[in-house]
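> My structure is below; once you've seen it, I'll send some questions.
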Amino acid sequence: MSLVLIDRLRGKAGEALLLRVAGPTAHRKRARIHGAPGPRWFAPDRPVRLVHADASMYVGGLAALLLQSLHPLAMAAVWAHSGFRGDPWGRLQRTSTFLAETTFGPAEDAERAVRRVREVHARVTGTTSGGVPYRASDPALLAWVHIAETHCFLRAYQEYGRAPLTAARRDGYVEDMASVARRLGVPRPPVTEAALVEALERRRPELAATDESAATARYLLAAPPLPWPVRVPYALLAAAAVDLLPPWAGEFLTLPRSVRLLLPFARRGGLAVTALIRWIMPSAPARAGADASGQGR
C-alpha cells in the first residue's frame, strides 16, 4: 500500500471521527474555539489544556459515563432528559463542544456555554422509578458528575496520555476543573488530587446498581451505535475504560462477555487504540494573534 493511499485513508478516518464526535459543523466550531482571538480561561501551559487535547479523553469519557451511571438520581436525570437513548451522538457532540469551549475557547464563548448548561439543568426535574424526586441543578448531583469526570479524565491521561503528569500538575488539573465546576454551581469542589480521591470515596454509599445503570452499561459496552468495522477497536476502548474504574465499581456493573474477555489485555488495547486515534485525528487550527493569557483562574 502506497504512502499516498495510507495518508488518504488516514485523512478519511480522521474526518469521520471528528464529525462523529463534534458534529456536522465540527470544522466551523474548531475554527472558532481554537482560532478566534481573545482571552481564554486557561493559559496554554495549564494542565487542563494538555489533558483535554489528548486522545486519552476517549477512554476517560467512556469511563466517566459508566461511573456517573452508578448514582441513581444522576442516572435517572440523564436517562429521562438528555436524549441519551434517542440521540447518543448528539449528546456526545454537545458534551465535547462544552469541554472544548470551556477549555480552549474565548472567555465569552466559555461563559455562554456555562449559562446554556445551567439553563438546561434548571429545567430538568423528575422522579426516579423508585419514587425519589431529583433536579439536575441539585449541587450534590452536580458535584457527583464533576468528581466522576475529573477522576476518570485524569486517570485516563495518566494511563494513556502522551506523558504522565507530575503530582503538582495533577493537582493543577483538579484545580482547573474546579474553576469550571464552580461556575456550573458545584459548591467547594476538590482542588487537589488527594481531595478528589477523598470526595469520590465519600460518595460511595450513595451508589447502587439500577435498571438504568445496567441498561447504560449494556448500551455503552455491548451494543454501541457504531458500524461493524470499528466494533473491534471500540471493544478494546471499552475494556480500557472499565479497567480505569475504581475496583469497587465492579460490584455494581454487569459487564458483557466481550469486555470480560478483553480485560486482561485492557492496557495494551487502550494504548493501541489511543495511539491510533492520535495518529488519525487532524490537528486543531492554530490560534493567530490571540491573547494567550489565562483568565478566570
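Letters A, B, ... mark the chains of the C-alpha cells in the order given; residue numbers begin at 1 per chain; ligand numbers begin at 1, in order shown.
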Using DSSP on the backbone coordinates, identify the residues of region 32-229 of chain A assigned to strand (DSSP E); present them as a ChimeraX atom specification.
/A:125-127,133-135
> Contacts of Arg202 (chain A) at 12 Å or less, counting only C-alpha atoms, minus same-chain residues fewer than 5 places along, as JSON, numbers by chain?
{"A": [140, 143, 144, 147, 195, 196, 197, 207]}
> Can you list, as a CSV table (one decimal) with N, CA, C and O atoms, in the first residue's frame, every protein, DNA or RNA residue that comes within 7 Å of Leu70 (chain A) when you count only C-alpha atoms, leaving out same-chain residues fewer than 5 positions away?

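In the end it all went to result.csv:
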```csv
chain,number,residue,atom,x,y,z
A,207,LEU,N,-24.1,5.2,45.9
A,207,LEU,CA,-24.1,4.5,44.6
A,207,LEU,C,-24.9,3.2,44.7
A,207,LEU,O,-24.9,2.5,45.7
A,208,ALA,N,-25.4,2.7,43.6
A,208,ALA,CA,-26.1,1.5,43.5
A,208,ALA,C,-26.3,1.0,42.1
A,208,ALA,O,-26.3,1.8,41.1
A,209,ALA,N,-26.5,-0.3,41.9
A,209,ALA,CA,-26.9,-0.8,40.6
A,209,ALA,C,-28.4,-0.6,40.4
A,209,ALA,O,-29.2,-0.9,41.3
A,213,SER,N,-28.7,2.0,35.2
A,213,SER,CA,-27.3,1.8,35.1
A,213,SER,C,-26.9,0.6,34.3
A,213,SER,O,-26.0,0.5,33.5
```
> With 12 Å as the cut-off and only C-alpha atoms counted, what is the closest atom pair between each nearby residue of region 12-43 of chain A and region 175-194 of chain A? Distances in Å to one decimal, ordered by chain and number, as a tab-separated table.

```
residue	atom	partner	partner_atom	distance
A:Trp41	CA	A:Val180	CA	9.1
A:Phe42	CA	A:Asp176	CA	7.9
A:Ala43	CA	A:Asp176	CA	10.5
```
> May I have the residues from that selection written out with all heavy atoms, as an mmCIF file, in the first residue's frame?

```cif
data_model
loop_
_atom_site.group_PDB
_atom_site.id
_atom_site.type_symbol
_atom_site.label_atom_id
_atom_site.label_comp_id
_atom_site.auth_asym_id
_atom_site.auth_seq_id
_atom_site.Cartn_x
_atom_site.Cartn_y
_atom_site.Cartn_z
ATOM 1 N N TRP A 41 -9.988 31.189 29.455
ATOM 2 C CA TRP A 41 -9.999 30.904 30.884
ATOM 3 C C TRP A 41 -8.683 30.282 31.343
ATOM 4 O O TRP A 41 -8.285 30.463 32.481
ATOM 5 C CB TRP A 41 -11.158 29.945 31.210
ATOM 6 C CG TRP A 41 -12.480 30.642 31.323
ATOM 7 C CD1 TRP A 41 -12.722 31.981 31.214
ATOM 8 C CD2 TRP A 41 -13.741 30.024 31.592
ATOM 9 N NE1 TRP A 41 -14.062 32.245 31.382
ATOM 10 C CE2 TRP A 41 -14.711 31.063 31.615
ATOM 11 C CE3 TRP A 41 -14.145 28.714 31.787
ATOM 12 C CZ2 TRP A 41 -16.056 30.807 31.859
ATOM 13 C CZ3 TRP A 41 -15.484 28.452 32.028
ATOM 14 C CH2 TRP A 41 -16.444 29.488 32.055
ATOM 15 N N PHE A 42 -8.041 29.535 30.440
ATOM 16 C CA PHE A 42 -6.836 28.811 30.826
ATOM 17 C C PHE A 42 -5.680 29.171 29.902
ATOM 18 O O PHE A 42 -5.823 29.144 28.678
ATOM 19 C CB PHE A 42 -7.073 27.296 30.792
ATOM 20 C CG PHE A 42 -8.180 26.851 31.699
ATOM 21 C CD1 PHE A 42 -9.417 26.495 31.182
ATOM 22 C CD2 PHE A 42 -7.991 26.804 33.078
ATOM 23 C CE1 PHE A 42 -10.455 26.102 32.017
ATOM 24 C CE2 PHE A 42 -9.018 26.405 33.924
ATOM 25 C CZ PHE A 42 -10.259 26.052 33.389
ATOM 26 N N ALA A 43 -4.542 29.470 30.501
ATOM 27 C CA ALA A 43 -3.341 29.761 29.733
ATOM 28 C C ALA A 43 -2.856 28.494 29.025
ATOM 29 O O ALA A 43 -3.192 27.377 29.431
ATOM 30 C CB ALA A 43 -2.249 30.300 30.663
#
```
> How many Å separate CA of Ile277 (chain A) from CA of Asp54 (chain A)?
9.4 Å
